[in-house]
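data19.txt, holding compact mmCIF, C-alpha atoms:
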```txt
# COMPACT_ATOMS: atom_id res chain seq x y z
CA MET K 1 5.14 -17.87 8.69
CA ALA K 2 3.24 -20.81 7.16
CA ILE K 3 0.25 -20.20 4.90
CA VAL K 4 -2.24 -22.92 4.02
CA ALA K 5 -5.40 -22.38 1.96
CA GLY K 6 -5.18 -18.62 2.30
CA ARG K 7 -4.85 -18.62 6.10
CA ILE K 8 -1.99 -18.32 8.53
CA ALA K 9 -1.26 -21.86 9.69
CA GLY K 10 1.75 -21.05 11.84
CA VAL K 11 3.98 -18.22 13.04
CA GLY K 12 7.43 -18.76 14.49
CA PRO K 13 11.11 -19.52 13.80
CA ALA K 14 11.85 -20.84 10.32
CA ALA K 15 13.23 -24.15 11.57
CA GLU K 16 10.08 -24.90 13.55
CA LEU K 17 7.83 -24.06 10.62
CA ARG K 18 9.86 -26.20 8.22
CA ALA K 19 9.49 -29.16 10.58
CA ALA K 20 5.76 -28.59 11.08
CA PHE K 21 4.97 -27.97 7.39
CA PRO K 22 7.49 -29.94 5.31
CA GLU K 23 5.14 -29.99 2.32
CA LEU K 24 5.12 -26.19 1.89
CA ALA K 25 7.39 -24.39 -0.56
CA GLU K 26 9.60 -21.77 1.02
CA THR K 27 10.06 -18.14 -0.04
CA ASP K 28 12.86 -16.02 1.40
CA LEU K 29 11.81 -12.35 1.41
CA GLY K 30 15.12 -11.16 2.82
CA ASN K 31 15.55 -8.36 5.34
CA VAL K 32 11.96 -7.11 5.36
CA VAL K 33 9.32 -6.06 7.85
CA LEU K 34 6.46 -8.55 7.61
CA MET K 35 3.22 -7.16 8.98
CA PRO K 36 -0.54 -7.39 8.48
CA GLY K 37 -1.89 -5.84 5.31
CA LEU K 38 -2.91 -2.25 6.00
CA VAL K 39 -6.51 -1.26 6.68
CA ASP K 40 -7.87 2.00 5.27
CA ALA K 41 -10.88 2.81 7.45
CA HIS K 42 -12.23 5.59 5.23
CA CYS K 43 -11.57 6.35 1.58
CA HIS K 44 -13.28 7.38 -1.66
CA LEU K 45 -11.91 5.28 -4.52
CA GLU K 46 -14.16 6.95 -7.08
CA TRP K 47 -12.32 10.25 -6.57
CA SER K 48 -8.87 8.85 -7.38
CA LEU K 49 -8.71 10.96 -10.55
CA ALA K 50 -9.00 14.23 -8.61
CA GLY K 51 -5.44 14.44 -7.31
CA GLY K 52 -4.05 17.92 -7.99
CA LEU K 53 -7.26 19.17 -9.60
CA ILE K 54 -8.45 20.97 -6.45
CA SER K 55 -5.96 22.91 -4.37
CA PRO K 56 -6.14 22.91 -0.55
CA LYS K 57 -8.70 25.40 0.75
CA PRO K 58 -11.31 25.76 3.51
CA PHE K 59 -13.85 22.95 3.53
CA ALA K 60 -16.89 24.80 2.15
CA ASP K 61 -14.93 26.23 -0.78
CA TRP K 62 -13.34 22.84 -1.44
CA LEU K 63 -16.72 21.08 -1.39
CA ALA K 64 -18.13 23.49 -3.97
CA GLU K 65 -15.25 22.69 -6.33
CA MET K 66 -15.55 18.98 -5.56
CA LEU K 67 -19.24 18.97 -6.49
CA ASP K 68 -18.41 20.71 -9.76
CA LEU K 69 -15.70 18.14 -10.50
CA ALA K 70 -18.08 15.27 -9.72
CA ARG K 71 -20.59 16.60 -12.23
CA ARG K 72 -17.91 16.41 -14.95
CA TYR K 73 -17.42 12.67 -14.49
CA ARG K 74 -18.64 10.62 -17.44
CA PRO K 75 -20.68 7.46 -16.68
CA GLY K 76 -17.75 5.07 -17.09
CA ASP K 77 -15.30 7.23 -15.14
CA HIS K 78 -16.46 6.01 -11.73
CA LEU K 79 -15.36 2.42 -12.34
CA ILE K 80 -12.15 3.54 -14.04
CA ALA K 81 -11.39 5.70 -11.02
CA ALA K 82 -12.28 2.99 -8.51
CA ARG K 83 -9.92 0.54 -10.22
CA TYR K 84 -7.13 3.11 -10.26
CA GLY K 85 -7.70 3.99 -6.61
CA ALA K 86 -7.58 0.31 -5.70
CA LEU K 87 -4.31 -0.04 -7.60
CA LEU K 88 -2.79 2.88 -5.67
CA ALA K 89 -3.96 1.32 -2.41
CA ILE K 90 -2.31 -2.00 -3.27
CA ASP K 91 0.91 -0.21 -4.19
CA ALA K 92 0.83 1.40 -0.74
CA GLY K 93 0.38 -1.94 1.02
CA THR K 94 -3.33 -1.81 1.79
CA THR K 95 -5.40 -4.99 1.65
CA THR K 96 -8.67 -3.89 3.33
CA LEU K 97 -10.58 -0.72 2.51
CA ALA K 98 -13.74 1.00 3.66
CA ASP K 99 -14.82 2.76 0.48
CA SER K 100 -17.62 5.32 0.29
CA GLY K 101 -18.70 6.36 -3.17
CA PRO K 102 -21.67 7.64 -5.14
CA THR K 103 -22.11 4.61 -7.42
CA GLY K 104 -20.72 1.63 -5.49
CA ALA K 105 -18.13 1.03 -8.22
CA GLY K 106 -15.68 0.22 -5.46
CA ALA K 107 -17.36 -3.17 -5.06
CA ASP K 108 -16.45 -4.05 -8.64
CA ALA K 109 -12.90 -2.74 -8.29
CA LEU K 110 -12.14 -4.49 -5.00
CA THR K 111 -13.61 -7.75 -6.28
CA GLU K 112 -11.76 -7.66 -9.60
CA MET K 113 -8.43 -6.87 -7.95
CA GLY K 114 -8.65 -9.34 -5.09
CA LEU K 115 -8.92 -6.85 -2.23
CA ARG K 116 -10.99 -7.06 0.93
CA GLY K 117 -13.34 -4.37 2.15
CA ILE K 118 -16.69 -2.82 2.80
CA VAL K 119 -18.23 -0.63 0.12
CA PHE K 120 -20.64 2.04 1.33
CA PRO K 121 -22.89 3.50 -1.41
CA GLU K 122 -23.36 7.13 -0.46
CA ILE K 123 -26.80 8.55 0.21
CA PHE K 124 -27.90 12.15 -0.20
CA GLY K 125 -31.45 13.33 0.53
CA ARG K 126 -33.80 15.29 2.74
CA GLU K 127 -36.94 13.29 2.00
CA VAL K 128 -39.67 12.97 4.64
CA GLY K 129 -42.77 10.80 5.12
CA ASP K 130 -43.80 8.65 2.16
CA ALA K 131 -41.00 10.13 0.07
CA ALA K 132 -38.44 8.87 2.60
CA LEU K 133 -39.99 5.40 2.48
CA ALA K 134 -39.92 5.40 -1.32
CA PHE K 135 -36.28 6.51 -1.20
CA ALA K 136 -35.43 3.61 1.11
CA GLU K 137 -37.17 1.15 -1.20
CA ARG K 138 -35.18 2.41 -4.18
CA LEU K 139 -32.03 2.15 -2.12
CA ALA K 140 -32.81 -1.49 -1.36
CA VAL K 141 -32.78 -2.26 -5.08
CA ARG K 142 -29.57 -0.32 -5.59
CA VAL K 143 -27.74 -2.03 -2.71
CA ALA K 144 -28.91 -5.48 -3.81
CA ALA K 145 -27.51 -4.86 -7.30
CA ILE K 146 -24.13 -3.80 -5.89
CA GLU K 147 -24.09 -6.78 -3.54
CA ALA K 148 -24.75 -9.15 -6.43
CA ARG K 149 -21.53 -7.97 -8.07
CA ALA K 150 -19.41 -8.14 -4.94
CA GLY K 151 -17.01 -11.01 -4.37
CA GLU K 152 -16.59 -13.05 -1.21
CA ARG K 153 -14.08 -10.62 0.31
CA VAL K 154 -16.37 -7.61 -0.14
CA ARG K 155 -19.35 -6.55 1.97
CA VAL K 156 -21.84 -3.82 1.12
CA GLY K 157 -23.06 -1.27 3.65
CA ILE K 158 -24.61 2.16 3.30
CA SER K 159 -23.31 5.67 3.88
CA PRO K 160 -25.65 8.50 4.75
CA HIS K 161 -23.12 11.06 3.62
CA ALA K 162 -23.31 13.68 6.38
CA LEU K 163 -25.86 15.54 8.49
CA TYR K 164 -25.86 18.51 6.14
CA SER K 165 -26.59 16.26 3.13
CA VAL K 166 -29.07 13.83 4.73
CA GLY K 167 -32.08 14.96 6.73
CA PRO K 168 -33.04 13.41 10.09
CA GLU K 169 -36.24 11.75 8.86
CA LEU K 170 -34.53 9.93 6.02
CA TRP K 171 -31.63 9.01 8.35
CA ALA K 172 -34.09 7.54 10.86
CA MET K 173 -35.94 5.65 8.13
CA LEU K 174 -32.69 4.00 7.04
CA ALA K 175 -31.72 3.23 10.63
CA ALA K 176 -35.07 1.52 11.15
CA GLY K 177 -34.05 -1.04 8.55
CA ALA K 178 -36.01 0.08 5.55
CA ASP K 179 -32.89 0.06 3.36
CA THR K 180 -32.20 -3.61 2.62
CA GLY K 181 -32.71 -5.29 5.92
CA SER K 182 -30.62 -4.00 8.79
CA PRO K 183 -28.22 -4.33 10.36
CA ARG K 184 -25.72 -3.28 7.75
CA PRO K 185 -22.45 -1.49 8.35
CA TRP K 186 -22.80 2.27 8.12
CA ALA K 187 -20.24 4.96 7.35
CA THR K 188 -20.75 8.70 7.56
CA HIS K 189 -18.87 11.98 7.76
CA LEU K 190 -19.41 13.46 11.20
CA ALA K 191 -18.26 16.73 12.79
CA GLU K 192 -15.72 17.29 10.03
CA SER K 193 -15.94 21.01 9.38
CA PRO K 194 -16.46 23.96 11.75
CA THR K 195 -19.10 25.22 9.28
CA GLU K 196 -21.29 22.12 9.68
CA LEU K 197 -23.32 23.18 12.72
CA ALA K 198 -24.42 26.50 11.24
CA ALA K 199 -25.60 24.68 8.13
CA ILE K 200 -27.71 22.12 10.00
CA ASP K 201 -28.98 24.66 12.55
CA ASP K 202 -30.47 27.33 10.33
CA ALA K 203 -28.86 27.03 6.87
CA THR K 204 -26.34 29.78 7.54
CA GLY K 205 -22.58 30.04 7.18
CA PRO K 206 -20.23 29.32 4.26
CA LEU K 207 -21.24 25.69 3.78
CA ALA K 208 -24.93 26.57 3.51
CA ALA K 209 -24.06 29.47 1.20
CA ARG K 210 -22.24 27.13 -1.20
CA PHE K 211 -25.26 24.81 -1.16
CA ALA K 212 -27.67 27.70 -1.74
CA ALA K 213 -25.71 28.71 -4.86
CA LEU K 214 -26.44 25.21 -6.17
CA GLY K 215 -30.11 25.30 -5.16
CA ILE K 216 -29.56 22.79 -2.33
CA VAL K 217 -31.03 23.12 1.15
CA PRO K 218 -28.89 21.50 3.87
CA GLY K 219 -30.31 18.87 6.17
CA ARG K 220 -31.75 20.46 9.31
CA TRP K 221 -31.02 18.78 12.64
CA PRO K 222 -32.61 20.86 15.39
CA GLY K 223 -31.44 20.90 18.97
CA ARG K 224 -28.34 21.91 20.86
CA GLY K 225 -24.83 20.56 21.01
CA GLY K 226 -22.56 19.13 18.39
CA ALA K 227 -23.17 16.83 15.45
CA VAL K 228 -22.72 13.66 17.50
CA SER K 229 -25.24 14.86 20.06
CA ARG K 230 -27.81 15.61 17.34
CA VAL K 231 -27.62 12.07 16.01
CA ALA K 232 -27.61 10.55 19.49
CA ARG K 233 -30.88 12.33 20.36
CA THR K 234 -32.61 10.53 17.48
CA GLY K 235 -31.61 7.16 18.98
CA THR K 236 -29.81 6.15 15.79
CA LEU K 237 -26.14 6.73 16.63
CA ASP K 238 -25.60 3.00 17.12
CA ALA K 239 -26.47 2.41 13.46
CA VAL K 240 -23.12 3.97 12.54
CA THR K 241 -20.14 1.63 12.22
CA VAL K 242 -17.49 4.17 11.26
CA ALA K 243 -17.66 7.95 11.58
CA ALA K 244 -15.05 9.74 9.51
CA HIS K 245 -13.17 12.79 10.83
CA CYS K 246 -14.92 13.64 14.15
CA VAL K 247 -12.83 16.78 14.50
CA HIS K 248 -15.31 19.01 16.32
CA ILE K 249 -16.44 16.96 19.28
CA ASP K 250 -15.94 17.21 23.03
CA ALA K 251 -15.45 14.64 25.78
CA ALA K 252 -19.19 14.13 26.28
CA GLU K 253 -19.67 13.37 22.60
CA ALA K 254 -16.67 11.04 22.62
CA ASP K 255 -18.43 9.16 25.42
CA LEU K 256 -21.54 8.93 23.23
CA LEU K 257 -19.50 7.43 20.40
CA ALA K 258 -17.93 4.89 22.74
CA ALA K 259 -21.27 3.94 24.29
CA SER K 260 -22.70 3.31 20.82
CA SER K 261 -19.60 1.36 19.66
CA VAL K 262 -18.98 3.85 16.86
CA ALA K 263 -15.41 3.73 15.55
CA VAL K 264 -13.69 6.83 14.19
CA ALA K 265 -11.67 7.02 10.98
CA HIS K 266 -9.05 9.69 11.60
CA CYS K 267 -7.97 11.50 8.41
CA PRO K 268 -5.27 13.99 9.48
CA ILE K 269 -4.01 14.94 6.00
CA SER K 270 -7.47 15.85 4.71
CA ASN K 271 -8.34 17.63 7.96
CA GLU K 272 -5.27 19.83 7.62
CA ARG K 273 -5.58 20.57 3.90
CA LEU K 274 -9.25 21.58 4.21
CA SER K 275 -8.66 23.70 7.34
CA CYS K 276 -10.98 21.48 9.36
CA GLY K 277 -8.81 21.43 12.47
CA THR K 278 -7.15 18.72 14.55
CA ALA K 279 -9.23 15.81 15.76
CA PRO K 280 -9.11 15.30 19.57
CA LEU K 281 -7.33 11.97 19.41
CA GLY K 282 -6.53 11.83 23.11
CA VAL K 283 -10.12 12.61 24.07
CA LEU K 284 -11.43 9.88 21.80
CA GLU K 285 -9.00 7.27 23.06
CA ARG K 286 -9.59 8.11 26.73
CA ALA K 287 -13.30 7.61 26.11
CA GLY K 288 -12.59 4.16 24.70
CA VAL K 289 -13.39 4.94 21.07
CA CYS K 290 -11.65 2.72 18.52
CA VAL K 291 -9.70 5.13 16.31
CA ALA K 292 -8.29 3.91 13.00
CA LEU K 293 -6.74 5.75 10.06
CA GLY K 294 -8.39 6.73 6.79
CA THR K 295 -6.88 8.27 3.68
CA ASP K 296 -9.99 10.02 2.32
CA SER K 297 -9.01 10.59 -1.35
CA PRO K 298 -6.58 12.46 -3.61
CA ALA K 299 -9.28 15.12 -3.93
CA SER K 300 -8.42 16.28 -0.41
CA ALA K 301 -5.43 14.23 0.77
CA GLY K 302 -2.86 11.79 -0.62
CA ALA K 303 -2.89 8.70 -2.79
CA TYR K 304 -4.46 6.12 -0.45
CA ASP K 305 -1.22 5.66 1.51
CA VAL K 306 -2.11 4.65 5.08
CA ARG K 307 1.53 4.75 6.20
CA ALA K 308 1.79 8.37 5.01
CA GLU K 309 -1.39 9.09 6.96
CA ALA K 310 0.20 7.54 10.06
CA ARG K 311 3.27 9.75 9.71
CA ALA K 312 1.03 12.79 9.30
CA CYS K 313 -0.91 11.72 12.38
CA ARG K 314 2.32 11.62 14.39
CA ASN K 315 3.42 15.05 13.17
CA VAL K 316 0.06 16.73 13.72
CA HIS K 317 -0.46 15.45 17.23
CA ALA K 318 3.15 15.94 18.30
CA ALA K 319 2.80 19.58 17.30
CA ALA K 320 -0.44 19.76 19.30
CA GLY K 321 1.24 18.35 22.40
CA GLY K 322 -0.17 14.83 22.16
CA PRO K 323 2.54 12.58 20.71
CA VAL K 324 1.52 9.18 19.37
CA SER K 325 3.90 6.23 19.60
CA ALA K 326 5.00 4.26 16.56
CA ALA K 327 3.42 1.12 18.03
CA ALA K 328 0.08 2.91 18.40
CA LEU K 329 0.26 4.19 14.83
CA VAL K 330 0.92 0.70 13.50
CA SER K 331 -2.06 -0.55 15.49
CA MET K 332 -4.24 2.22 14.03
CA MET K 333 -3.45 1.07 10.50
CA THR K 334 -3.78 -2.67 11.21
CA SER K 335 -5.56 -4.18 14.22
CA ARG K 336 -7.58 -1.09 15.15
CA GLY K 337 -8.56 -0.63 11.53
CA ALA K 338 -9.81 -4.21 11.43
CA ALA K 339 -11.73 -3.72 14.68
CA ALA K 340 -13.29 -0.51 13.38
CA LEU K 341 -14.72 -2.42 10.40
CA GLY K 342 -15.85 -5.44 12.41
CA LEU K 343 -13.10 -7.61 10.93
CA ALA K 344 -10.94 -8.19 14.02
CA ASP K 345 -11.51 -11.94 13.83
CA GLU K 346 -10.33 -12.04 10.23
CA VAL K 347 -7.48 -9.59 9.65
CA GLY K 348 -5.24 -7.04 11.33
CA VAL K 349 -2.83 -9.32 13.23
CA LEU K 350 -0.43 -12.09 12.30
CA ARG K 351 -1.87 -15.03 14.20
CA ARG K 352 -2.72 -18.63 13.43
CA GLY K 353 -6.16 -18.95 11.90
CA MET K 354 -6.30 -15.38 10.57
CA SER K 355 -6.55 -14.64 6.87
CA ALA K 356 -3.15 -14.33 5.20
CA ASP K 357 -3.49 -10.62 4.41
CA LEU K 358 0.14 -9.53 4.49
CA LEU K 359 2.50 -6.70 3.68
CA ALA K 360 6.28 -7.04 3.38
CA LEU K 361 8.25 -3.79 3.47
CA ALA K 362 11.75 -3.65 2.00
CA PRO K 363 14.22 -1.03 3.22
CA GLY K 364 15.30 1.93 1.13
CA ALA K 365 18.62 2.14 -0.70
CA ASP K 366 20.50 2.98 2.48
CA GLY K 367 19.01 0.09 4.46
CA TRP K 368 17.09 0.31 7.71
CA SER K 369 17.93 3.32 9.85
CA THR K 370 16.65 1.74 13.07
CA GLU K 371 16.27 -1.64 14.74
CA ASP K 372 12.81 -0.69 16.07
CA PRO K 373 10.28 -2.73 14.03
CA TRP K 374 7.48 -0.21 14.71
CA GLU K 375 9.58 2.63 13.31
CA ARG K 376 10.59 0.49 10.34
CA ALA K 377 6.90 0.02 9.53
CA LEU K 378 6.58 3.81 9.28
CA ASP K 379 9.84 4.45 7.41
CA GLU K 380 9.05 6.71 4.46
CA HIS K 381 11.95 5.19 2.50
CA ALA K 382 10.67 1.63 2.87
CA SER K 383 8.39 0.28 0.14
CA PRO K 384 6.06 -2.69 -0.28
CA CYS K 385 7.74 -5.66 -1.95
CA LEU K 386 4.88 -8.10 -1.35
CA VAL K 387 1.17 -7.48 -0.84
CA MET K 388 -1.08 -10.47 -0.24
CA CYS K 389 -4.79 -10.88 0.50
CA ALA K 390 -6.16 -14.24 1.66
CA GLY K 391 -2.91 -15.82 0.49
CA GLU K 392 -3.24 -14.37 -3.01
CA VAL K 393 -0.37 -12.21 -4.21
CA LEU K 394 -1.68 -8.81 -5.33
CA GLN K 395 1.70 -7.21 -5.84
CA ASP K 396 5.19 -8.69 -5.82
CA GLY K 397 7.69 -5.93 -6.40
CA SER K 398 6.77 -4.46 -9.75
CA ARG K 399 4.66 -7.46 -10.79
CA ALA K 400 0.90 -7.13 -10.41
CA GLY K 401 -1.54 -9.86 -9.45
CA ARG K 402 -4.72 -10.74 -11.29
CA PHE K 403 -5.23 -7.30 -12.86
CA ASP K 404 -3.75 -5.45 -15.85
CA ARG K 405 -1.78 -2.59 -14.31
CA ASP K 406 -0.94 -0.88 -17.60
CA ALA K 407 -4.54 -0.86 -18.77
CA ILE K 408 -5.79 0.57 -15.47
CA VAL K 409 -3.21 3.36 -15.52
CA ALA K 410 -3.85 4.22 -19.17
CA LEU K 411 -7.62 4.45 -18.76
CA ALA K 412 -7.22 6.55 -15.62
CA ALA K 413 -4.88 8.96 -17.37
CA GLU K 414 -7.33 9.41 -20.25
CA ALA K 415 -10.29 9.94 -17.91
CA ARG K 416 -8.36 12.40 -15.76
CA GLN K 417 -7.30 14.39 -18.81
CA ALA K 418 -10.96 14.76 -19.76
CA LEU K 419 -11.65 16.31 -16.35
CA CYS K 420 -8.95 18.96 -16.68
```
This structure in structure tokens:
Amino acid sequence: MAIVAGRIAGVGPAAELRAAFPELAETDLGNVVLMPGLVDAHCHLEWSLAGGLISPKPFADWLAEMLDLARRYRPGDHLIAARYGALLAIDAGTTTLADSGPTGAGADALTEMGLRGIVFPEIFGREVGDAALAFAERLAVRVAAIEARAGERVRVGISPHALYSVGPELWAMLAAGADTGSPRPWATHLAESPTELAAIDDATGPLAARFAALGIVPGRWPGRGGAVSRVARTGTLDAVTVAAHCVHIDAAEADLLAASSVAVAHCPISNERLSCGTAPLGVLERAGVCVALGTDSPASAGAYDVRAEARACRNVHAAAGGPVSAAALVSMMTSRGAAALGLADEVGVLRRGMSADLLALAPGADGWSTEDPWERALDEHASPCLVMCAGEVLQDGSRAGRFDRDAIVALAAEARQALC
């Protein structure tokens, strides 16, 4: 592969590339798998400090503990956590992330560390009327400030968190463009938990009970059908770029997602640990929905490792009678991830003209166990030996790129200790 000015200038046999680009220096990576940098279609970098602090449990109980943990964050912890989460993502071979977080600190972290992505400041509120308009105006200021800090590889969207945490009037106000000038990419959590519908119907069930204990009234979305149907009836489903989870939907709702060009970020590890269920992957794909993989966060899943998420996806759906091929899993964490985020013309495949966002995987101590390149990409014993974004080396073995690895790890350890 030839790289010029941060872009792929040629792909092919080494001899042909040497002849076509004699001026380029050559690097021999050895017996590696060279593939596009991974795309994490849904994560929360600001919760990187939470790993191991909340044990797996049903969603409503987990959320109550998560809200308590979030309140214990000190003001500077969000940026410390976002930097640490970004470091873990790089170590796992990820170069593009869709990060949803309460403060937008992910924009600073991705920019500082050379990553690509979309940062979605999360929105919580049940405002109506003039209060909803005032909320949207305040949001415009907030988003503009985050955008001013974001580098050229980072876009800023918005994330109405979920139907139970954002009311329909405020949602519609944001979809109408009162935030900062639509269209902007949107991310949301949709149909994640089986307790969601009871909460948005009539504020009953375990999720609503946990909210009531905190003095919070869930968003109310009247009507019949599932969460996707409720949003679709407001005429605002097409505002959503990526919907995370989408566990509790049927074929008709999958058709609604496809018709509105809403992509789904599938998070199998989080879904399993929080007893949310198994997303209907086959139903979504038959409907034509673009399904990518998301890691969520260490608060509910793993450490931003998209390849681990792919292996979990294979195991979960094989057990459910819907096996997923290695080639499809690689697509879900590369080209489909790029398509889900509207970046298919920029990243996700190794092709001339695309950005040089690359991952090289080295085999484990015993070498490669298969000749199948798709299976090698999923090999749990393989590890990243080169991670590159736009031609910039972010990680080369144990050597970091433009950031201070030791300082990031030390600050994260101190901040995490304060949460314990």
For Gly401 (chain K), the nearest of the candidates K:Glu272, K:Met1, K:Gly114, K:Ala98, counting only C-alpha atoms
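Looking only at the distances to Gly401 (chain K), the closest residue turns out to be K:Gly114.
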Could you tell me which of K:His161, K:Arg116, K:Arg7, K:Arg138 comes closest to His44 (chain K) if we count all atoms listed in the file?
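Once distances to His44 (chain K) are computed over all atoms listed in the file, the minimum belongs to K:His161.
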If you count all atoms listed in the file, the residue of K:Ala360, K:Leu256, K:Ala14, K:Leu197 closest to Ala227 (chain K) turns out to be K:Leu197
Nearest candidate to Leu378 (chain K) (options K:Asp305, K:Glu192, K:Glu26, K:Asp357; using only C-alpha atoms):
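Checking each of K:Asp305, K:Glu192, K:Glu26, K:Asp357 against Leu378 (chain K), counting only C-alpha atoms, the winner is K:Asp305.
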Figure out the distance between CA of Asp255 (chain K) and CA of Gly235 (chain K), please, to one decimal in Å.
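Interatomic distance, CA of Gly235 (chain K) to CA of Asp255 (chain K): 14.8 Å.
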